[in-house]
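Coordinates from model-v2.cif are shown below (mmCIF, C-alpha atoms).
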```cif
data_target
#
loop_
_atom_site.group_PDB
_atom_site.id
_atom_site.type_symbol
_atom_site.label_atom_id
_atom_site.label_comp_id
_atom_site.auth_asym_id
_atom_site.auth_seq_id
_atom_site.Cartn_x
_atom_site.Cartn_y
_atom_site.Cartn_z
ATOM 1 C CA MET A 1 127.928 135.536 88.362
ATOM 2 C CA GLU A 2 130.792 133.047 88.383
ATOM 3 C CA VAL A 3 130.610 130.222 85.843
ATOM 4 C CA ALA A 4 133.569 128.161 87.126
ATOM 5 C CA VAL A 5 132.738 126.842 90.575
ATOM 6 C CA ALA A 6 135.334 124.075 91.032
ATOM 7 C CA PRO A 7 138.658 123.944 89.131
ATOM 8 C CA ALA A 8 141.129 121.148 89.929
ATOM 9 C CA PRO A 9 144.261 119.647 88.293
ATOM 10 C CA PHE A 10 144.342 116.083 86.988
ATOM 11 C CA VAL A 11 146.701 113.604 85.344
ATOM 12 C CA GLN A 12 145.337 111.182 82.741
ATOM 13 C CA THR A 13 147.061 108.423 80.820
ATOM 14 C CA GLU A 14 146.396 105.193 78.938
ATOM 15 C CA THR A 15 147.573 102.122 80.852
ATOM 16 C CA ALA A 16 147.577 98.346 80.669
ATOM 17 C CA VAL A 17 146.156 96.602 83.725
ATOM 18 C CA VAL A 18 147.907 93.309 84.460
ATOM 19 C CA MET A 19 146.305 90.673 86.653
ATOM 20 C CA PRO A 20 148.630 89.095 89.242
ATOM 21 C CA GLY A 21 150.500 86.285 87.545
ATOM 22 C CA GLY A 22 150.095 87.899 84.126
ATOM 23 C CA GLY A 23 147.104 85.786 83.170
ATOM 24 C CA TYR A 24 145.001 88.685 81.863
ATOM 25 C CA VAL A 25 145.856 92.133 80.501
ATOM 26 C CA GLU A 26 143.477 94.913 79.451
ATOM 27 C CA GLY A 27 143.788 98.569 78.524
ATOM 28 C CA ALA A 28 142.253 101.209 80.785
ATOM 29 C CA ILE A 29 142.429 104.920 81.548
ATOM 30 C CA LEU A 30 144.154 106.022 84.743
ATOM 31 C CA ARG A 31 143.163 109.423 86.121
ATOM 32 C CA GLY A 32 145.039 111.093 88.937
ATOM 33 C CA ILE A 33 143.008 113.531 91.045
ATOM 34 C CA ASP A 34 143.483 115.529 94.228
ATOM 35 C CA PRO A 35 140.733 114.714 96.763
ATOM 36 C CA ASP A 36 141.867 117.487 99.115
ATOM 37 C CA VAL A 37 141.222 120.452 96.795
ATOM 38 C CA ASP A 38 139.567 123.343 98.637
ATOM 39 C CA GLY A 39 136.029 124.293 97.660
ATOM 40 C CA PRO A 40 133.304 122.281 95.897
ATOM 41 C CA ALA A 41 134.238 118.899 94.431
ATOM 42 C CA VAL A 42 134.824 118.692 90.677
ATOM 43 C CA THR A 43 133.749 115.042 90.456
ATOM 44 C CA ASP A 44 130.884 113.167 92.117
ATOM 45 C CA ILE A 45 132.865 109.953 92.388
ATOM 46 C CA VAL A 46 132.433 109.942 96.177
ATOM 47 C CA ASP A 47 128.687 109.426 95.730
ATOM 48 C CA GLN A 48 129.282 106.569 93.251
ATOM 49 C CA ILE A 49 131.441 104.339 95.456
ATOM 50 C CA ARG A 50 129.893 100.865 95.606
ATOM 51 C CA SER A 51 132.510 98.996 97.619
ATOM 52 C CA GLY A 52 135.566 100.025 99.589
ATOM 53 C CA GLU A 53 136.026 103.718 100.344
ATOM 54 C CA TYR A 54 137.119 106.981 98.788
ATOM 55 C CA ASP A 55 140.565 107.193 100.325
ATOM 56 C CA LEU A 56 143.554 108.045 98.146
ATOM 57 C CA GLY A 57 145.970 108.192 101.059
ATOM 58 C CA GLU A 58 148.406 105.547 102.241
ATOM 59 C CA THR A 59 147.414 101.895 101.969
ATOM 60 C CA GLU A 60 148.296 98.909 104.140
ATOM 61 C CA SER A 61 150.497 97.423 101.421
ATOM 62 C CA GLY A 62 152.323 100.701 100.845
ATOM 63 C CA PHE A 63 151.355 100.743 97.170
ATOM 64 C CA PRO A 64 149.439 103.726 95.707
ATOM 65 C CA PRO A 65 145.631 103.518 96.035
ATOM 66 C CA LEU A 66 143.374 102.702 93.086
ATOM 67 C CA ILE A 67 139.603 103.115 92.626
ATOM 68 C CA MET A 68 138.258 101.174 89.632
ATOM 69 C CA GLY A 69 135.071 101.274 87.591
ATOM 70 C CA ALA A 70 132.739 98.459 88.637
ATOM 71 C CA SER A 71 132.666 96.681 85.252
ATOM 72 C CA LEU A 72 136.452 96.856 84.916
ATOM 73 C CA ALA A 73 136.948 95.673 88.500
ATOM 74 C CA GLU A 74 134.645 92.686 87.968
ATOM 75 C CA ARG A 75 136.785 91.387 85.110
ATOM 76 C CA PHE A 76 139.873 91.501 87.329
ATOM 77 C CA ALA A 77 138.086 90.326 90.486
ATOM 78 C CA ALA A 78 139.523 93.518 91.951
ATOM 79 C CA TYR A 79 138.030 93.532 95.418
ATOM 80 C CA PRO A 80 139.411 96.086 97.920
ATOM 81 C CA GLY A 81 142.868 95.051 99.010
ATOM 82 C CA ARG A 82 143.885 93.359 95.753
ATOM 83 C CA VAL A 83 147.174 94.457 94.177
ATOM 84 C CA LEU A 84 147.346 95.030 90.397
ATOM 85 C CA THR A 85 150.191 96.076 88.132
ATOM 86 C CA LEU A 86 149.695 99.038 85.792
ATOM 87 C CA VAL A 87 151.894 99.700 82.771
ATOM 88 C CA SER A 88 151.797 103.229 81.355
ATOM 89 C CA PHE A 89 151.938 103.980 77.638
ATOM 90 C CA GLN A 90 153.277 107.451 78.473
ATOM 91 C CA GLY A 91 156.838 108.243 79.517
ATOM 92 C CA ILE A 92 158.342 105.252 77.703
ATOM 93 C CA GLU A 93 162.154 105.313 77.763
ATOM 94 C CA VAL A 94 164.572 103.661 75.370
ATOM 95 C CA THR A 95 167.424 101.719 76.940
ATOM 96 C CA SER A 96 171.010 101.703 75.696
ATOM 97 C CA LEU A 97 170.209 98.472 73.834
ATOM 98 C CA GLY A 98 167.408 100.206 71.925
ATOM 99 C CA MET A 99 164.641 98.480 73.882
ATOM 100 C CA ALA A 100 161.502 100.396 74.840
ATOM 101 C CA GLN A 101 160.963 100.370 78.593
ATOM 102 C CA PRO A 102 157.493 101.566 79.687
ATOM 103 C CA PRO A 103 157.033 102.670 83.293
ATOM 104 C CA PHE A 104 155.029 100.324 85.519
ATOM 105 C CA ARG A 105 153.815 100.430 89.106
ATOM 106 C CA ARG A 106 151.844 98.221 91.464
ATOM 107 C CA PHE A 107 148.612 99.633 92.922
ATOM 108 C CA GLU A 108 146.283 98.475 95.681
ATOM 109 C CA VAL A 109 142.546 98.535 94.943
ATOM 110 C CA VAL A 110 140.699 100.486 97.645
ATOM 111 C CA GLY A 111 137.235 100.800 96.095
ATOM 112 C CA GLN A 112 134.889 100.496 93.117
ATOM 113 C CA PHE A 113 132.522 103.060 91.626
ATOM 114 C CA ARG A 114 129.470 102.784 89.370
ATOM 115 C CA THR A 115 128.227 105.864 87.520
ATOM 116 C CA GLY A 116 125.786 104.178 85.130
ATOM 117 C CA MET A 117 127.895 105.462 82.215
ATOM 118 C CA TYR A 118 129.355 102.464 80.388
ATOM 119 C CA GLU A 119 132.505 104.254 79.252
ATOM 120 C CA PHE A 120 133.481 105.246 82.788
ATOM 121 C CA ASP A 121 132.503 102.025 84.559
ATOM 122 C CA ASN A 122 134.243 99.941 81.913
ATOM 123 C CA LYS A 123 137.500 101.865 81.409
ATOM 124 C CA TYR A 124 138.283 104.422 84.127
ATOM 125 C CA MET A 125 140.391 104.201 87.279
ATOM 126 C CA TYR A 126 141.282 106.877 89.829
ATOM 127 C CA THR A 127 144.387 107.367 91.924
ATOM 128 C CA SER A 128 146.245 110.250 93.566
ATOM 129 C CA ILE A 129 148.042 112.855 91.452
ATOM 130 C CA PRO A 130 151.545 111.974 92.806
ATOM 131 C CA ALA A 131 151.030 108.301 91.922
ATOM 132 C CA ALA A 132 149.827 109.196 88.415
ATOM 133 C CA GLN A 133 152.747 111.594 87.947
ATOM 134 C CA GLU A 134 155.174 108.874 88.992
ATOM 135 C CA ILE A 135 153.904 106.232 86.547
ATOM 136 C CA THR A 136 153.748 108.742 83.665
ATOM 137 C CA ARG A 137 157.118 110.317 84.553
ATOM 138 C CA LEU A 138 155.623 113.804 84.385
ATOM 139 C CA GLY A 139 157.473 115.124 87.410
ATOM 140 C CA ASP A 140 155.472 118.028 88.862
ATOM 141 C CA ALA A 141 153.439 118.594 85.672
ATOM 142 C CA VAL A 142 149.789 117.665 85.158
ATOM 143 C CA THR A 143 147.773 116.721 82.101
ATOM 144 C CA GLY A 144 145.306 119.559 82.527
ATOM 145 C CA LEU A 145 142.721 121.339 84.653
ATOM 146 C CA GLU A 146 139.211 120.071 85.120
ATOM 147 C CA VAL A 147 136.560 122.757 85.612
ATOM 148 C CA ARG A 148 133.072 122.329 87.003
ATOM 149 C CA VAL A 149 130.680 125.062 85.843
ATOM 150 C CA SER A 150 127.513 126.417 87.415
ATOM 151 C CA ASP A 151 125.432 125.695 84.285
ATOM 152 C CA PRO A 152 126.449 122.452 82.507
ATOM 153 C CA MET A 153 124.538 123.447 79.373
ATOM 154 C CA GLN A 154 126.906 126.402 78.915
ATOM 155 C CA ALA A 155 130.012 124.181 79.003
ATOM 156 C CA GLU A 156 130.659 124.440 75.262
ATOM 157 C CA GLN A 157 130.568 128.250 75.244
ATOM 158 C CA ILE A 158 132.770 128.404 78.352
ATOM 159 C CA ALA A 159 135.267 125.996 76.756
ATOM 160 C CA LEU A 160 135.527 128.256 73.702
ATOM 161 C CA GLN A 161 136.131 131.268 75.950
ATOM 162 C CA ILE A 162 138.903 129.414 77.801
ATOM 163 C CA GLU A 163 140.556 128.470 74.512
ATOM 164 C CA ASP A 164 140.440 132.097 73.348
ATOM 165 C CA GLU A 165 142.001 133.284 76.609
ATOM 166 C CA LEU A 166 144.818 130.697 76.721
ATOM 167 C CA GLY A 167 145.534 130.351 73.017
ATOM 168 C CA LEU A 168 147.698 127.640 71.475
ATOM 169 C CA PRO A 169 148.857 124.998 72.367
ATOM 170 C CA TYR A 170 146.126 124.754 75.013
ATOM 171 C CA ARG A 171 142.700 123.364 74.197
ATOM 172 C CA ALA A 172 139.469 122.918 76.127
ATOM 173 C CA ILE A 173 137.258 119.827 75.791
ATOM 174 C CA ASN A 174 133.712 119.934 77.157
ATOM 175 C CA TRP A 175 131.467 117.071 78.222
ATOM 176 C CA GLN A 176 129.085 117.643 75.312
ATOM 177 C CA THR A 177 131.861 117.082 72.769
ATOM 178 C CA GLU A 178 133.150 113.972 74.547
ATOM 179 C CA ASN A 179 129.660 112.404 74.565
ATOM 180 C CA ARG A 180 128.555 113.572 71.124
ATOM 181 C CA SER A 181 127.956 110.012 69.869
ATOM 182 C CA LEU A 182 125.619 109.314 72.806
ATOM 183 C CA PHE A 183 123.671 112.526 72.237
ATOM 184 C CA SER A 184 123.367 111.757 68.514
ATOM 185 C CA ALA A 185 121.894 108.337 69.307
ATOM 186 C CA LEU A 186 119.472 109.814 71.817
ATOM 187 C CA GLN A 187 118.466 112.544 69.362
ATOM 188 C CA LEU A 188 117.710 109.922 66.730
ATOM 189 C CA GLU A 189 115.641 107.942 69.236
ATOM 190 C CA LYS A 190 113.829 111.127 70.241
ATOM 191 C CA MET A 191 112.992 111.936 66.618
ATOM 192 C CA ALA A 192 111.629 108.423 66.069
ATOM 193 C CA MET A 193 109.514 108.702 69.213
ATOM 194 C CA GLY A 194 108.183 112.052 68.031
ATOM 195 C CA ILE A 195 107.084 110.566 64.697
ATOM 196 C CA ILE A 196 105.411 107.646 66.492
ATOM 197 C CA LEU A 197 103.648 110.053 68.850
ATOM 198 C CA LEU A 198 102.424 112.148 65.909
ATOM 199 C CA LEU A 199 101.008 109.046 64.211
ATOM 200 C CA ILE A 200 99.223 108.072 67.423
ATOM 201 C CA VAL A 201 97.637 111.543 67.661
ATOM 202 C CA ILE A 202 96.547 111.373 64.014
ATOM 203 C CA VAL A 203 94.911 107.987 64.609
ATOM 204 C CA ALA A 204 93.151 109.468 67.640
ATOM 205 C CA ALA A 205 91.980 112.365 65.442
ATOM 206 C CA PHE A 206 90.362 109.892 63.034
ATOM 207 C CA ASN A 207 88.568 108.400 66.034
ATOM 208 C CA ILE A 208 87.220 111.865 66.855
ATOM 209 C CA ILE A 209 86.053 112.287 63.252
ATOM 210 C CA SER A 210 84.293 108.923 63.216
ATOM 211 C CA THR A 211 82.685 109.632 66.618
ATOM 212 C CA LEU A 212 81.327 113.001 65.520
ATOM 213 C CA VAL A 213 80.112 111.614 62.181
ATOM 214 C CA MET A 214 78.168 108.956 64.084
ATOM 215 C CA VAL A 215 76.765 111.606 66.432
ATOM 216 C CA VAL A 216 75.644 113.731 63.459
ATOM 217 C CA ALA A 217 73.988 110.706 61.857
ATOM 218 C CA ASP A 218 72.301 109.746 65.119
ATOM 219 C CA LYS A 219 71.115 113.283 65.907
ATOM 220 C CA THR A 220 70.032 114.269 62.400
ATOM 221 C CA ARG A 221 66.338 114.677 63.321
ATOM 222 C CA GLU A 222 67.221 116.700 66.436
ATOM 223 C CA ILE A 223 69.454 118.958 64.347
ATOM 224 C CA GLY A 224 66.620 119.468 61.864
ATOM 225 C CA ILE A 225 64.180 120.378 64.660
ATOM 226 C CA LEU A 226 66.643 122.859 66.172
ATOM 227 C CA LYS A 227 67.311 124.479 62.800
ATOM 228 C CA SER A 228 63.575 124.714 62.103
ATOM 229 C CA MET A 229 63.225 126.533 65.427
ATOM 230 C CA GLY A 230 65.748 129.153 64.336
ATOM 231 C CA LEU A 231 69.146 127.695 65.218
ATOM 232 C CA ARG A 232 71.640 128.889 62.620
ATOM 233 C CA SER A 233 73.984 126.615 60.669
ATOM 234 C CA ARG A 234 77.019 128.372 62.195
ATOM 235 C CA GLN A 235 75.702 127.647 65.682
ATOM 236 C CA VAL A 236 75.126 123.970 64.819
ATOM 237 C CA GLN A 237 78.667 123.789 63.485
ATOM 238 C CA LYS A 238 80.007 125.418 66.644
ATOM 239 C CA VAL A 239 78.257 122.831 68.856
ATOM 240 C CA PHE A 240 80.011 119.901 67.184
ATOM 241 C CA MET A 241 83.350 121.691 67.029
ATOM 242 C CA LEU A 242 83.157 122.382 70.758
ATOM 243 C CA GLN A 243 82.233 118.757 71.408
ATOM 244 C CA GLY A 244 85.240 117.499 69.436
ATOM 245 C CA LEU A 245 87.533 120.050 71.060
ATOM 246 C CA LEU A 246 86.298 118.980 74.487
ATOM 247 C CA ILE A 247 87.178 115.370 73.648
ATOM 248 C CA GLY A 248 90.646 116.523 72.607
ATOM 249 C CA ILE A 249 91.141 118.577 75.788
ATOM 250 C CA VAL A 250 90.093 115.711 78.071
ATOM 251 C CA GLY A 251 92.232 113.201 76.188
ATOM 252 C CA SER A 252 95.284 115.485 76.047
ATOM 253 C CA THR A 253 94.975 116.328 79.750
ATOM 254 C CA LEU A 254 94.681 112.687 80.805
ATOM 255 C CA GLY A 255 97.500 111.664 78.443
ATOM 256 C CA GLY A 256 99.747 114.497 79.617
ATOM 257 C CA ALA A 257 99.144 113.699 83.277
ATOM 258 C CA GLY A 258 99.798 110.003 82.650
ATOM 259 C CA GLY A 259 102.950 110.805 80.696
ATOM 260 C CA LEU A 260 104.293 113.030 83.469
ATOM 261 C CA LEU A 261 103.585 110.302 86.022
ATOM 262 C CA VAL A 262 105.403 107.679 83.945
ATOM 263 C CA THR A 263 108.317 110.076 83.365
ATOM 264 C CA TRP A 264 108.635 110.701 87.093
ATOM 265 C CA ALA A 265 108.555 106.953 87.782
ATOM 266 C CA LEU A 266 111.242 106.297 85.140
ATOM 267 C CA ASP A 267 113.449 109.038 86.561
ATOM 268 C CA HIS A 268 112.957 107.948 90.172
ATOM 269 C CA TYR A 269 113.068 104.150 89.892
ATOM 270 C CA GLN A 270 114.998 103.662 86.598
ATOM 271 C CA PHE A 271 113.241 100.355 85.921
ATOM 272 C CA ILE A 272 113.873 100.310 82.140
ATOM 273 C CA GLU A 273 117.339 98.935 81.432
ATOM 274 C CA ILE A 274 119.023 99.332 78.044
ATOM 275 C CA PRO A 275 122.176 97.682 76.617
ATOM 276 C CA VAL A 276 125.141 99.696 77.842
ATOM 277 C CA GLU A 277 127.342 98.476 74.985
ATOM 278 C CA VAL A 278 125.091 100.303 72.501
ATOM 279 C CA TYR A 279 123.939 103.426 74.351
ATOM 280 C CA PHE A 280 126.824 103.814 76.884
ATOM 281 C CA ILE A 281 124.302 104.111 79.746
ATOM 282 C CA ASP A 282 122.510 101.348 81.647
ATOM 283 C CA HIS A 283 119.048 102.916 82.020
ATOM 284 C CA LEU A 284 116.646 105.043 80.003
ATOM 285 C CA PRO A 285 117.279 108.735 80.789
ATOM 286 C CA VAL A 286 114.263 111.016 81.082
ATOM 287 C CA ALA A 287 113.802 114.707 81.778
ATOM 288 C CA PHE A 288 110.966 117.203 82.162
ATOM 289 C CA ASP A 289 110.980 119.887 79.470
ATOM 290 C CA PRO A 290 108.034 122.300 79.922
ATOM 291 C CA LEU A 291 108.487 123.721 76.410
ATOM 292 C CA GLU A 292 108.322 120.313 74.705
ATOM 293 C CA ILE A 293 105.375 119.249 76.866
ATOM 294 C CA GLY A 294 103.550 122.438 75.884
ATOM 295 C CA ILE A 295 104.302 121.873 72.191
ATOM 296 C CA ILE A 296 103.033 118.276 72.333
ATOM 297 C CA LEU A 297 99.808 119.267 74.082
ATOM 298 C CA GLY A 298 99.311 122.220 71.732
ATOM 299 C CA VAL A 299 99.776 120.082 68.600
ATOM 300 C CA SER A 300 97.416 117.447 70.025
ATOM 301 C CA LEU A 301 94.713 120.061 70.641
ATOM 302 C CA LEU A 302 95.254 121.564 67.186
ATOM 303 C CA ILE A 303 94.867 118.187 65.475
ATOM 304 C CA SER A 304 91.802 117.467 67.613
ATOM 305 C CA PHE A 305 90.289 120.790 66.556
ATOM 306 C CA LEU A 306 91.037 120.212 62.866
ATOM 307 C CA ALA A 307 89.410 116.779 63.156
ATOM 308 C CA THR A 308 86.101 118.420 64.107
ATOM 309 C CA ILE A 309 85.826 120.589 60.998
ATOM 310 C CA TYR A 310 84.535 117.955 58.566
ATOM 311 C CA PRO A 311 81.718 116.466 60.736
ATOM 312 C CA ALA A 312 80.773 119.938 62.010
ATOM 313 C CA ARG A 313 80.397 121.268 58.462
ATOM 314 C CA GLN A 314 78.362 118.208 57.507
ATOM 315 C CA SER A 315 75.977 118.881 60.373
ATOM 316 C CA ALA A 316 75.651 122.558 59.376
ATOM 317 C CA ARG A 317 74.699 121.623 55.794
ATOM 318 C CA LEU A 318 71.638 119.615 56.823
ATOM 319 C CA TYR A 319 68.310 120.993 55.592
ATOM 320 C CA PRO A 320 65.639 121.125 58.314
ATOM 321 C CA VAL A 321 62.917 119.339 56.322
ATOM 322 C CA LYS A 322 65.168 116.506 55.128
ATOM 323 C CA ALA A 323 66.707 116.182 58.588
ATOM 324 C CA ILE A 324 63.321 115.868 60.296
ATOM 325 C CA ARG A 325 62.260 113.182 57.805
ATOM 326 C CA HIS A 326 65.486 111.276 58.383
ATOM 327 C CA GLU A 327 64.936 107.738 59.663
#
```
What is this structure when it is put down as structure tokens?
Amino acid sequence: MEVAVAPAPFVQTETAVVMPGGGYVEGAILRGIDPDVDGPAVTDIVDQIRSGEYDLGETESGFPPLIMGASLAERFAAYPGRVLTLVSFQGIEVTSLGMAQPPFRRFEVVGQFRTGMYEFDNKYMYTSIPAAQEITRLGDAVTGLEVRVSDPMQAEQIALQIEDELGLPYRAINWQTENRSLFSALQLEKMAMGIILLLIVIVAAFNIISTLVMVVADKTREIGILKSMGLRSRQVQKVFMLQGLLIGIVGSTLGGAGGLLVTWALDHYQFIEIPVEVYFIDHLPVAFDPLEIGIILGVSLLISFLATIYPARQSARLYPVKAIRHE
């Protein structure tokens, strides 16, 4: 089975974006791509276009085309058709007078994209490979090859294999490494949520204990009558353990179903917004993991079962005569 489904060359460089008139300047990342590569697309930028169009061909002004991240475009009021000047920090030449002369080029904005990833929407711009090669003075060279794989979760292993095949000075960077800070933050949040969930289950277990203790106290005479009629202590204990376990099963099932429904709603409607400056994404990401769901339900049932032991043993220790006399 093939793991690389869409390789494509790209050119990437740090640039300074200059507003017409020079009133505002900001650093950004310019990425040159080839939209006419045969086969599946490497990037989903076409689906993220919010205004303008995905067209990196000739423009009306004759300047190279430019597609900007929505947040970056808003700060420059870069509506389609606006012309901006880009200054590259790569390919700087030194004049005969010893002055550094960076390459610069004017671009026409043809569209905006919004991915929901703060880093991309706030810093990235796309243009054609020839235009990026011109402003970076790379000639016919490119910065690297971008590879889309069939299984994104295997990207790190595939990157290591590519590095082993090519050797130095080539290196492979995968999406997991580039977003490691985001994943670390999400992992920390996930751990905190797990601890909170465990505490909630433990509190629910105490509710089961208190409920069964009250049932034992309320049914003491009935337990005494049943034991006097031949019901064994083990059977009495089993009755209350089954009752507590049934409460746990019903509660876990209803909670699991409600959790899955809320997860689906969060994934479909994305109605919980989070600060993009902190988490690099603008909404709360959710995913269905059958293994984790099974572990959560299993631990909930286990705690529910353990919560039944104490009241069940108390009921089994009742003496028939004392239980019948209980008021």
*Take the PyMOL selection byres ((chain A and resi 243) around 12), apply it to the structure above, and return the hits as a list in words.*
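For this structure, the PyMOL selection byres ((chain A and resi 243) around 12) resolves to Ile208, Ile209, Thr211, Leu212, Val213, Val215, Val216, Val236, Gln237, Lys238, Val239, Phe240, Met241, Leu242, Gly244, Leu245, Leu246, Ile247, Gly248, Ile249, Val250, Ser304, Phe305, Ala307, Thr308, Ile309, Pro311 and Ala312 of chain A.
Each of A:Ile33, A:Met229, A:Ala265, A:Ile92 was checked against Ala8 in chain A using all atoms listed in the file; the smallest atom-to-atom distance is that of A:Ile33.
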*Please evaluate the PyMOL selection byres ((chain A and resi 144) around 9) against the structure above and give the resulting residues as a ChimeraX atom specification.*
/A:8-12,141-143,145-146
*Would you work out the distance separating CA of Leu291 in chain A from CA of Gln157 in chain A, expressed in Å to one decimal?*
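Computing the Euclidean distance for CA of Leu291 in chain A and CA of Gln157 in chain A yields 22.6 Å.
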*Could you tell me which residues the PyMOL selection byres ((chain A and resi 147) around 6) grabs in this file, written as a ChimeraX atom specification?*
/A:6-7,146,148
*What separation in Å, quoted to one decimal, exists between CA of Pro169 in chain A and CA of Leu30 in chain A?*
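That distance, rounded to one decimal, is 23.1 Å.
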*Have a look at A:Leu260, A:Leu138, A:Leu318, A:Glu292 and name the one nearest to Ala217 in chain A; count all atoms listed in the file.*
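Answer, going by the shortest atom-to-atom distance: A:Leu318.
The interatomic distance for the pair CA of Glu14 in chain A and CA of Ala132 in chain A works out to 10.8 Å.
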7 Å contact set for Gly81 in chain A, only C-alpha atoms, chain neighbours under 5 positions out, as a short mmCIF file (atom, residue, chain, number, x, y, z; two decimals) with C-alpha atoms, in the frame of the given file:
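Listed below is the output, around_25.cif:
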```
data_model
loop_
_atom_site.label_atom_id
_atom_site.label_comp_id
_atom_site.auth_asym_id
_atom_site.auth_seq_id
_atom_site.Cartn_x
_atom_site.Cartn_y
_atom_site.Cartn_z
CA GLU A 108 146.28 98.48 95.68
CA VAL A 109 142.55 98.54 94.94
CA VAL A 110 140.70 100.49 97.64
#
```
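Neighbourhood of point (157.2, 107.8, 85.5): residues with an atom at most 9 Å away, counting only C-alpha atoms, are Ser88, Gln90, Gly91, Ile92, Pro102, Pro103, Phe104, Arg105, Ala131, Ala132, Gln133, Glu134, Ile135, Thr136, Arg137, Leu138 and Gly139 of chain A.
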Give me the residues within 8 Å of Ile303 in chain A as an mmCIF file with C-alpha atoms, in the frame of the given file, counting only C-alpha atoms and dropping any in the same chain fewer than 4 places off.
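Heads up, here's the output in out.cif:
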```
data_model
loop_
_atom_site.group_PDB
_atom_site.id
_atom_site.type_symbol
_atom_site.label_atom_id
_atom_site.label_comp_id
_atom_site.auth_asym_id
_atom_site.auth_seq_id
_atom_site.Cartn_x
_atom_site.Cartn_y
_atom_site.Cartn_z
ATOM 1 C CA VAL A 201 97.637 111.543 67.661
ATOM 2 C CA ILE A 202 96.547 111.373 64.014
ATOM 3 C CA ALA A 205 91.980 112.365 65.442
ATOM 4 C CA VAL A 299 99.776 120.082 68.600
ATOM 5 C CA ALA A 307 89.410 116.779 63.156
#
```
_Leu197 in chain A environment, 12 Å, all atoms listed in the file, sequence neighbours closer than 2 positions dropped, as a list in words_ = Lys190, Met191, Ala192, Met193, Gly194, Ile195, Leu199, Ile200, Val201, Ile202, Val203, Ala204, Gly255, Gly259, Ile296, Leu297, Val299 and Ser300 of chain A
*From the list A:Ala77, A:Ser128, A:Val18, A:Glu93, which residue is nearest Pro35 in chain A when using all atoms listed in the file?*
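Closest residue, counting all atoms listed in the file: A:Ser128.
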*Which residue of A:Gln161, A:Ser315, A:Asn179, A:Ser71 approaches Glu222 in chain A most closely, using all atoms listed in the file*: A:Ser315
